[in-house]
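A.B. asks: Got a structure for you, written out below as structure tokens; questions coming shortly.
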Amino acid sequence: MSNWQKLLEPEIVDYIKNHEESDLAKLAFSGAPNPDWPFPLILEQIKLRRKAKIKLPEFHDVEGYIFISQDLLEQASSQACALYKASLLGGGTFCDLTAGHGIDSYYIAQHFKKSSFIERDSDAAEILQHNFDILVKHGKLNCDVTVQSAFAEDVLENLELVDCLYLDPQRRADSKKGIFDLSMTSPNVLSLLPLIQKKCKKFLLKTSPFLDIPKSINDLKYVSQVHIIQYQGDCKEVLYLLDFETDTASDQVDIVAVDIDNLGNIKKSFRYTLAEERDSFSEFSMPLQYIYEAGPAFMKAGGYKLLAERFNLKKLHSQTHLYTSDDVCQEFPGKFYKVEDIRPVQSKALTIRKADLAIRNFPESVEILRKKLKIKDGGQHRIYACTVMDNTKKLVICTKD
């Protein structure tokens, strides 16, 4: 019996449930009630269940479900992001080449008749198969599922044709450049792409939000859609959907930014193509009654001129991605603030000594500028240090409420 299987013993299950809110340091100091128990695994499971209760609530109360490891749980998609991702796909057969904790695998598999999951760590793969069997047993998954312990690169060559492949590669540990270049991921997405094309009709790739979107579209060649997901105020994921049966020009690829709720439903969205952005026109203005700041996923998506055009707003400057209007636009995918004043970038010009400070198209960092202006963080104001339409630098002082 593997150590993790002991976590299924009734006495250990009860201990984990009864101590989920207990002080872990005190539990560790007290020691295991039974010397035969795998106590480090038990303590880790308690810790992971606490995190999963917030991040993955659907799995928390499933009897017999095992959370695999701290690293895999942190790397796993949130339930909300996984639900949105699954809504993009469907068909007969599916394969996840980097299953990890299996969260994406689980939600996507529900849209297919048969699914296979590849996980390079043998222990993790063993627990994954157990977890999927448990989910099927509890009626939470109606799909034929198999898990294989292997590296994605080794599996692809002999993989049968599937409707959809999914890959969530890691950045290479020996190079920070991996966050900017698909060739520096593990497995190497670009080197595998010709083989991936032979093995599926559609391919969904999850990447770091740091990757340049137009460059990645050109590198991947077969992209039909890009999805940028915002959840709980952060840009969480960027997804590239490749369709090998459709030829889409790079400037005609749908780029979709979404803000989602806890169930993966879209609250706000913005869709455009690079061609539309190229051909669009935005008007410019000095700050009016309201200032608008797009959410992080919408900023990542680009389409800055189109944001102004579609929401009937004006930009402060071609390179300052802030927007303004005299009337409130509630539909805008971001935050807006009431403009109180516009001042030169001088400490003596300010009467406020406490405010949130943000820079947009401005040559100094927030830290340096905060010292220069002699203001502390917080308070009821937000100040934008930015370049405005006449190319001067200004402080736009806004009230938060």
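Going through the structure tokens in order, the chains are called A, B, and so on, while each chain numbers its residues from 1 and the ligands are numbered from 1 in the order shown.
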Considering only C-alpha atoms, return as an MDAnalysis selection string whatever protein or nucleic-acid residues lie within 8 Å of Phe132 in chain A, sequence-local ones (same chain, fewer than 5 positions apart) excluded.

C.D. replies: chainID A and resid 106 141 145

A.B. asks: Which of range 32-269 of chain A counts as strand (DSSP E) under DSSP, as a PyMOL selection string please?

C.D. replies: chain A and resi 91-96+112-119+144-149+162-167+170-171+185-186+200-207+223-231+234-243+254-260+266-269

A.B. asks: For Leu395 in chain A, work out the shell of residues within 8 Å, counting only C-alpha atoms and skipping chain neighbours fewer than 5 positions away, then give it as a CSV table (one decimal) with N, CA and C atoms, in the first residue's frame.

C.D. replies:
chain,number,residue,atom,x,y,z
A,342,ILE,N,-6.7,68.7,-11.5
A,342,ILE,CA,-5.5,68.4,-12.4
A,342,ILE,C,-4.4,69.3,-11.9
A,343,ARG,N,-3.3,68.7,-11.6
A,343,ARG,CA,-2.2,69.5,-11.0
A,343,ARG,C,-0.9,69.2,-11.7
A,344,PRO,N,0.1,70.1,-11.6
A,344,PRO,CA,1.4,69.8,-12.1
A,344,PRO,C,2.1,68.8,-11.2
A,345,VAL,N,3.1,68.2,-11.7
A,345,VAL,CA,3.8,67.1,-10.9
A,345,VAL,C,4.8,67.8,-10.0
A,383,ILE,N,-4.5,59.1,-7.4
A,383,ILE,CA,-3.8,60.0,-8.3
A,383,ILE,C,-3.2,59.3,-9.4
A,384,TYR,N,-3.4,59.8,-10.6
A,384,TYR,CA,-2.8,59.2,-11.8
A,384,TYR,C,-1.7,60.2,-12.2
A,385,ALA,N,-0.4,59.8,-12.2
A,385,ALA,CA,0.6,60.6,-12.8
A,385,ALA,C,0.8,60.1,-14.3
A,386,CYS,N,0.5,61.0,-15.2
A,386,CYS,CA,0.4,60.5,-16.6
A,386,CYS,C,0.7,61.6,-17.6

A.B. asks: Applying 10 Å and only C-alpha atoms, which residues near Glu160 in chain A remain after dropping the ones on its own chain fewer than 4 positions away? List them as a VMD selection string.

C.D. replies: chain A and resid 93 95 155 to 156 198 to 200

A.B. asks: Can you tell me, as a PDB file with N, CA and C atoms, in the first residue's frame, which residues in range 61-264 of chain A count as alpha helix (DSSP H) by DSSP?

C.D. replies:
ATOM      1  N   GLN A  70       1.216  20.477  -2.392  1.00  0.00           N
ATOM      2  CA  GLN A  70       1.183  21.933  -2.301  1.00  0.00           C
ATOM      3  C   GLN A  70       1.495  22.570  -3.659  1.00  0.00           C
ATOM      4  N   ASP A  71       2.558  22.093  -4.318  1.00  0.00           N
ATOM      5  CA  ASP A  71       2.972  22.675  -5.598  1.00  0.00           C
ATOM      6  C   ASP A  71       1.881  22.544  -6.660  1.00  0.00           C
ATOM      7  N   LEU A  72       1.317  21.343  -6.782  1.00  0.00           N
ATOM      8  CA  LEU A  72       0.311  21.123  -7.817  1.00  0.00           C
ATOM      9  C   LEU A  72      -0.978  21.882  -7.532  1.00  0.00           C
ATOM     10  N   LEU A  73      -1.325  22.037  -6.261  1.00  0.00           N
ATOM     11  CA  LEU A  73      -2.532  22.784  -5.927  1.00  0.00           C
ATOM     12  C   LEU A  73      -2.353  24.264  -6.246  1.00  0.00           C
ATOM     13  N   GLU A  74      -1.161  24.801  -5.990  1.00  0.00           N
ATOM     14  CA  GLU A  74      -0.894  26.213  -6.297  1.00  0.00           C
ATOM     15  C   GLU A  74      -0.891  26.450  -7.806  1.00  0.00           C
ATOM     16  N   GLN A  75      -0.389  25.491  -8.570  1.00  0.00           N
ATOM     17  CA  GLN A  75      -0.318  25.635 -10.023  1.00  0.00           C
ATOM     18  C   GLN A  75      -1.675  25.400 -10.697  1.00  0.00           C
ATOM     19  N   GLN A  79     -11.341  26.911  -9.791  1.00  0.00           N
ATOM     20  CA  GLN A  79     -12.563  26.294 -10.304  1.00  0.00           C
ATOM     21  C   GLN A  79     -13.223  27.190 -11.346  1.00  0.00           C
ATOM     22  N   ALA A  80     -13.256  28.499 -11.082  1.00  0.00           N
ATOM     23  CA  ALA A  80     -13.896  29.442 -11.993  1.00  0.00           C
ATOM     24  C   ALA A  80     -13.208  29.470 -13.358  1.00  0.00           C
ATOM     25  N   CYS A  81     -11.867  29.540 -13.360  1.00  0.00           N
ATOM     26  CA  CYS A  81     -11.118  29.584 -14.621  1.00  0.00           C
ATOM     27  C   CYS A  81     -11.264  28.280 -15.396  1.00  0.00           C
ATOM     28  N   ALA A  82     -11.265  27.166 -14.665  1.00  0.00           N
ATOM     29  CA  ALA A  82     -11.417  25.868 -15.318  1.00  0.00           C
ATOM     30  C   ALA A  82     -12.798  25.736 -15.967  1.00  0.00           C
ATOM     31  N   LEU A  83     -13.824  26.239 -15.299  1.00  0.00           N
ATOM     32  CA  LEU A  83     -15.186  26.195 -15.856  1.00  0.00           C
ATOM     33  C   LEU A  83     -15.271  27.028 -17.137  1.00  0.00           C
ATOM     34  N   TYR A  84     -14.664  28.207 -17.120  1.00  0.00           N
ATOM     35  CA  TYR A  84     -14.676  29.033 -18.337  1.00  0.00           C
ATOM     36  C   TYR A  84     -13.943  28.324 -19.470  1.00  0.00           C
ATOM     37  N   LYS A  85     -12.786  27.762 -19.148  1.00  0.00           N
ATOM     38  CA  LYS A  85     -11.970  27.061 -20.142  1.00  0.00           C
ATOM     39  C   LYS A  85     -12.766  25.920 -20.785  1.00  0.00           C
ATOM     40  N   ALA A  86     -13.472  25.169 -19.938  1.00  0.00           N
ATOM     41  CA  ALA A  86     -14.240  24.029 -20.428  1.00  0.00           C
ATOM     42  C   ALA A  86     -15.353  24.463 -21.372  1.00  0.00           C
ATOM     43  N   ILE A 103      -7.522  19.601 -12.351  1.00  0.00           N
ATOM     44  CA  ILE A 103      -8.704  20.464 -12.256  1.00  0.00           C
ATOM     45  C   ILE A 103      -9.226  20.827 -13.646  1.00  0.00           C
ATOM     46  N   ASP A 104      -8.330  21.323 -14.506  1.00  0.00           N
ATOM     47  CA  ASP A 104      -8.738  21.593 -15.891  1.00  0.00           C
ATOM     48  C   ASP A 104      -9.237  20.310 -16.554  1.00  0.00           C
ATOM     49  N   SER A 105      -8.512  19.216 -16.320  1.00  0.00           N
ATOM     50  CA  SER A 105      -8.873  17.921 -16.906  1.00  0.00           C
ATOM     51  C   SER A 105     -10.316  17.556 -16.578  1.00  0.00           C
ATOM     52  N   TYR A 106     -10.667  17.697 -15.314  1.00  0.00           N
ATOM     53  CA  TYR A 106     -11.997  17.311 -14.840  1.00  0.00           C
ATOM     54  C   TYR A 106     -13.097  18.102 -15.533  1.00  0.00           C
ATOM     55  N   TYR A 107     -12.957  19.420 -15.556  1.00  0.00           N
ATOM     56  CA  TYR A 107     -14.026  20.245 -16.116  1.00  0.00           C
ATOM     57  C   TYR A 107     -14.120  20.115 -17.636  1.00  0.00           C
ATOM     58  N   ILE A 108     -12.969  20.034 -18.293  1.00  0.00           N
ATOM     59  CA  ILE A 108     -12.995  19.885 -19.754  1.00  0.00           C
ATOM     60  C   ILE A 108     -13.538  18.518 -20.139  1.00  0.00           C
ATOM     61  N   ALA A 109     -13.183  17.468 -19.398  1.00  0.00           N
ATOM     62  CA  ALA A 109     -13.618  16.099 -19.711  1.00  0.00           C
ATOM     63  C   ALA A 109     -15.139  15.968 -19.755  1.00  0.00           C
ATOM     64  N   SER A 122       4.757   9.914 -11.297  1.00  0.00           N
ATOM     65  CA  SER A 122       4.026   8.647 -11.168  1.00  0.00           C
ATOM     66  C   SER A 122       3.101   8.621  -9.955  1.00  0.00           C
ATOM     67  N   ASP A 123       3.544   9.177  -8.823  1.00  0.00           N
ATOM     68  CA  ASP A 123       2.682   9.212  -7.637  1.00  0.00           C
ATOM     69  C   ASP A 123       1.453  10.088  -7.875  1.00  0.00           C
ATOM     70  N   ALA A 124       1.688  11.253  -8.491  1.00  0.00           N
ATOM     71  CA  ALA A 124       0.573  12.146  -8.790  1.00  0.00           C
ATOM     72  C   ALA A 124      -0.412  11.479  -9.752  1.00  0.00           C
ATOM     73  N   ALA A 125       0.104  10.770 -10.747  1.00  0.00           N
ATOM     74  CA  ALA A 125      -0.756  10.076 -11.710  1.00  0.00           C
ATOM     75  C   ALA A 125      -1.604   9.012 -11.022  1.00  0.00           C
ATOM     76  N   GLU A 126      -1.008   8.330 -10.070  1.00  0.00           N
ATOM     77  CA  GLU A 126      -1.723   7.287  -9.335  1.00  0.00           C
ATOM     78  C   GLU A 126      -2.878   7.885  -8.529  1.00  0.00           C
ATOM     79  N   ILE A 127      -2.611   9.016  -7.872  1.00  0.00           N
ATOM     80  CA  ILE A 127      -3.663   9.681  -7.092  1.00  0.00           C
ATOM     81  C   ILE A 127      -4.727  10.262  -8.019  1.00  0.00           C
ATOM     82  N   LEU A 128      -4.289  10.787  -9.165  1.00  0.00           N
ATOM     83  CA  LEU A 128      -5.241  11.329 -10.139  1.00  0.00           C
ATOM     84  C   LEU A 128      -6.238  10.265 -10.584  1.00  0.00           C
ATOM     85  N   GLN A 129      -5.739   9.078 -10.914  1.00  0.00           N
ATOM     86  CA  GLN A 129      -6.640   8.006 -11.345  1.00  0.00           C
ATOM     87  C   GLN A 129      -7.630   7.665 -10.230  1.00  0.00           C
ATOM     88  N   HIS A 130      -7.122   7.615  -9.001  1.00  0.00           N
ATOM     89  CA  HIS A 130      -8.004   7.373  -7.852  1.00  0.00           C
ATOM     90  C   HIS A 130      -9.071   8.458  -7.753  1.00  0.00           C
ATOM     91  N   ASN A 131      -8.646   9.723  -7.870  1.00  0.00           N
ATOM     92  CA  ASN A 131      -9.599  10.832  -7.749  1.00  0.00           C
ATOM     93  C   ASN A 131     -10.674  10.801  -8.832  1.00  0.00           C
ATOM     94  N   PHE A 132     -10.263  10.505 -10.062  1.00  0.00           N
ATOM     95  CA  PHE A 132     -11.258  10.449 -11.136  1.00  0.00           C
ATOM     96  C   PHE A 132     -12.214   9.268 -10.952  1.00  0.00           C
ATOM     97  N   ASP A 133     -11.720   8.166 -10.438  1.00  0.00           N
ATOM     98  CA  ASP A 133     -12.597   7.032 -10.132  1.00  0.00           C
ATOM     99  C   ASP A 133     -13.614   7.414  -9.056  1.00  0.00           C
ATOM    100  N   ILE A 134     -13.147   8.184  -8.063  1.00  0.00           N
ATOM    101  CA  ILE A 134     -14.037   8.653  -6.994  1.00  0.00           C
ATOM    102  C   ILE A 134     -15.108   9.594  -7.555  1.00  0.00           C
ATOM    103  N   LEU A 135     -14.689  10.493  -8.442  1.00  0.00           N
ATOM    104  CA  LEU A 135     -15.630  11.451  -9.030  1.00  0.00           C
ATOM    105  C   LEU A 135     -16.680  10.738  -9.879  1.00  0.00           C
ATOM    106  N   VAL A 136     -16.267   9.697 -10.599  1.00  0.00           N
ATOM    107  CA  VAL A 136     -17.215   8.893 -11.376  1.00  0.00           C
ATOM    108  C   VAL A 136     -18.176   8.175 -10.424  1.00  0.00           C
ATOM    109  N   LYS A 137     -17.638   7.613  -9.349  1.00  0.00           N
ATOM    110  CA  LYS A 137     -18.443   6.876  -8.363  1.00  0.00           C
ATOM    111  C   LYS A 137     -19.516   7.767  -7.742  1.00  0.00           C
ATOM    112  N   ALA A 152       4.817  14.369 -21.742  1.00  0.00           N
ATOM    113  CA  ALA A 152       4.008  14.701 -22.914  1.00  0.00           C
ATOM    114  C   ALA A 152       4.760  14.409 -24.210  1.00  0.00           C
ATOM    115  N   GLU A 153       6.054  14.729 -24.235  1.00  0.00           N
ATOM    116  CA  GLU A 153       6.839  14.529 -25.445  1.00  0.00           C
ATOM    117  C   GLU A 153       6.893  13.054 -25.851  1.00  0.00           C
ATOM    118  N   ASP A 154       6.904  12.176 -24.851  1.00  0.00           N
ATOM    119  CA  ASP A 154       7.027  10.742 -25.125  1.00  0.00           C
ATOM    120  C   ASP A 154       5.710  10.127 -25.569  1.00  0.00           C
ATOM    121  N   VAL A 155       4.600  10.721 -25.150  1.00  0.00           N
ATOM    122  CA  VAL A 155       3.277  10.173 -25.439  1.00  0.00           C
ATOM    123  C   VAL A 155       2.780  10.556 -26.834  1.00  0.00           C
ATOM    124  N   LEU A 156       3.118  11.751 -27.263  1.00  0.00           N
ATOM    125  CA  LEU A 156       2.537  12.302 -28.495  1.00  0.00           C
ATOM    126  C   LEU A 156       2.754  11.420 -29.723  1.00  0.00           C
ATOM    127  N   VAL A 189       6.749  24.081 -26.510  1.00  0.00           N
ATOM    128  CA  VAL A 189       5.515  24.124 -27.302  1.00  0.00           C
ATOM    129  C   VAL A 189       5.811  24.219 -28.796  1.00  0.00           C
ATOM    130  N   LEU A 190       6.731  25.094 -29.165  1.00  0.00           N
ATOM    131  CA  LEU A 190       6.963  25.344 -30.594  1.00  0.00           C
ATOM    132  C   LEU A 190       7.581  24.126 -31.292  1.00  0.00           C
ATOM    133  N   SER A 191       8.470  23.420 -30.596  1.00  0.00           N
ATOM    134  CA  SER A 191       9.076  22.241 -31.228  1.00  0.00           C
ATOM    135  C   SER A 191       8.073  21.091 -31.342  1.00  0.00           C
ATOM    136  N   LEU A 192       7.097  21.047 -30.430  1.00  0.00           N
ATOM    137  CA  LEU A 192       6.084  19.987 -30.463  1.00  0.00           C
ATOM    138  C   LEU A 192       4.929  20.285 -31.419  1.00  0.00           C
ATOM    139  N   LEU A 193       4.819  21.531 -31.844  1.00  0.00           N
ATOM    140  CA  LEU A 193       3.640  21.947 -32.604  1.00  0.00           C
ATOM    141  C   LEU A 193       3.389  21.128 -33.875  1.00  0.00           C
ATOM    142  N   PRO A 194       4.410  20.814 -34.690  1.00  0.00           N
ATOM    143  CA  PRO A 194       4.133  20.002 -35.895  1.00  0.00           C
ATOM    144  C   PRO A 194       3.522  18.634 -35.556  1.00  0.00           C
ATOM    145  N   LEU A 195       3.975  18.033 -34.463  1.00  0.00           N
ATOM    146  CA  LEU A 195       3.434  16.742 -34.058  1.00  0.00           C
ATOM    147  C   LEU A 195       2.029  16.900 -33.473  1.00  0.00           C
ATOM    148  N   ILE A 196       1.829  17.956 -32.696  1.00  0.00           N
ATOM    149  CA  ILE A 196       0.501  18.232 -32.134  1.00  0.00           C
ATOM    150  C   ILE A 196      -0.521  18.402 -33.253  1.00  0.00           C
ATOM    151  N   GLN A 197      -0.123  19.072 -34.319  1.00  0.00           N
ATOM    152  CA  GLN A 197      -1.021  19.295 -35.457  1.00  0.00           C
ATOM    153  C   GLN A 197      -1.500  17.980 -36.066  1.00  0.00           C
ATOM    154  N   LYS A 198      -0.642  16.967 -36.043  1.00  0.00           N
ATOM    155  CA  LYS A 198      -1.003  15.669 -36.624  1.00  0.00           C
ATOM    156  C   LYS A 198      -1.922  14.857 -35.708  1.00  0.00           C
ATOM    157  N   LYS A 199      -2.005  15.246 -34.428  1.00  0.00           N
ATOM    158  CA  LYS A 199      -2.691  14.417 -33.445  1.00  0.00           C
ATOM    159  C   LYS A 199      -4.045  14.950 -32.982  1.00  0.00           C
ATOM    160  N   ILE A 213       1.064  38.839 -26.805  1.00  0.00           N
ATOM    161  CA  ILE A 213      -0.015  38.179 -27.542  1.00  0.00           C
ATOM    162  C   ILE A 213       0.210  38.201 -29.062  1.00  0.00           C
ATOM    163  N   PRO A 214       0.468  39.355 -29.702  1.00  0.00           N
ATOM    164  CA  PRO A 214       0.695  39.329 -31.156  1.00  0.00           C
ATOM    165  C   PRO A 214       1.861  38.432 -31.564  1.00  0.00           C
ATOM    166  N   LYS A 215       2.945  38.450 -30.776  1.00  0.00           N
ATOM    167  CA  LYS A 215       4.089  37.581 -31.090  1.00  0.00           C
ATOM    168  C   LYS A 215       3.703  36.109 -30.974  1.00  0.00           C
ATOM    169  N   SER A 216       2.954  35.768 -29.930  1.00  0.00           N
ATOM    170  CA  SER A 216       2.548  34.375 -29.738  1.00  0.00           C
ATOM    171  C   SER A 216       1.609  33.909 -30.847  1.00  0.00           C
ATOM    172  N   ILE A 217       0.739  34.788 -31.312  1.00  0.00           N
ATOM    173  CA  ILE A 217      -0.146  34.448 -32.442  1.00  0.00           C
ATOM    174  C   ILE A 217       0.687  34.089 -33.669  1.00  0.00           C
ATOM    175  N   ASN A 218       1.698  34.898 -33.933  1.00  0.00           N
ATOM    176  CA  ASN A 218       2.567  34.622 -35.088  1.00  0.00           C
ATOM    177  C   ASN A 218       3.395  33.352 -34.890  1.00  0.00           C
ATOM    178  N   ASP A 219       3.880  33.134 -33.675  1.00  0.00           N
ATOM    179  CA  ASP A 219       4.699  31.949 -33.401  1.00  0.00           C
ATOM    180  C   ASP A 219       3.890  30.661 -33.553  1.00  0.00           C
ATOM    181  N   LEU A 220       2.644  30.687 -33.105  1.00  0.00           N
ATOM    182  CA  LEU A 220       1.820  29.477 -33.100  1.00  0.00           C
ATOM    183  C   LEU A 220       1.126  29.201 -34.443  1.00  0.00           C
TER     184      LEU A 220
END

A.B. asks: Mind checking which residues fall within 9 Å of Lys113 in chain A, counting only C-alpha atoms, ignoring those fewer than 5 positions away in the same chain, and posting them as a PyMOL selection string?

C.D. replies: chain A and resi 91-94+142-145

A.B. asks: Once you have the residues from the selection above, write them out as a JSON list (two decimals), in the first residue's frame, restricted to C-alpha atoms.

C.D. replies:
[["chain", "number", "residue", "atom", "x", "y", "z"],
["A", 91, "GLY", "CA", -16.36, 16.77, -28.83],
["A", 92, "GLY", "CA", -15.75, 13.04, -28.69],
["A", 93, "THR", "CA", -12.15, 12.62, -27.51],
["A", 94, "PHE", "CA", -9.84, 14.77, -25.42],
["A", 142, "ASN", "CA", -19.85, 10.83, -16.74],
["A", 143, "CYS", "CA", -16.89, 10.17, -19.00],
["A", 144, "ASP", "CA", -14.46, 7.37, -19.77],
["A", 145, "VAL", "CA", -11.20, 8.55, -18.13]]

A.B. asks: Tell me, as a PyMOL selection string, which residues lie within 10 Å of range 377-380 of chain A, counting only C-alpha atoms; anything in the same chain fewer than 4 positions away does not count.

C.D. replies: chain A and resi 352-357+370+398-401

A.B. asks: What is the CA of Asp327 in chain A to CA of Asn391 in chain A distance in Å?

C.D. replies: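 One can read the CA of Asp327 in chain A to CA of Asn391 in chain A distance as 24.5 Å.
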
A.B. asks: Kindly give the distance, in Å, that separates CA of Leu48 in chain A and CA of Leu239 in chain A, rounded to a single decimal.

C.D. replies: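 Distance between the two atoms: 26.6 Å.
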
A.B. asks: Near Phe311 in chain A, counting only C-alpha atoms, which residues have an atom at most 8 Å away, once you skip same-chain residues fewer than 4 positions from it, shown as a PDB file with C-alpha atoms, in the first residue's frame?

C.D. replies:
ATOM      1  CA  LEU A 307     -11.985  50.474 -26.034  1.00  0.00           C
ATOM      2  CA  CYS A 329     -20.206  54.553 -18.566  1.00  0.00           C
ATOM      3  CA  GLU A 331     -20.534  49.058 -18.937  1.00  0.00           C
ATOM      4  CA  PHE A 332     -16.817  49.829 -19.152  1.00  0.00           C
TER       5      PHE A 332
END

A.B. asks: Which one of A:Leu88, A:Val62, A:Ala257, A:Ile68 sits closest to Glu237 in chain A if you count only C-alpha atoms?

C.D. replies: A:Ala257

A.B. asks: At what distance in Å, to one decimal, does CA of Leu182 in chain A lie from CA of Pro169 in chain A?

C.D. replies: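 A separation of 9.2 Å between them.
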
A.B. asks: With distances taken over only C-alpha atoms, which of A:Gln346, A:Gln232, A:Thr185, A:Thr351 is nearest to Leu369 in chain A?

C.D. replies: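 Nearest candidate to Leu369 in chain A out of A:Gln346, A:Gln232, A:Thr185, A:Thr351: A:Gln346.
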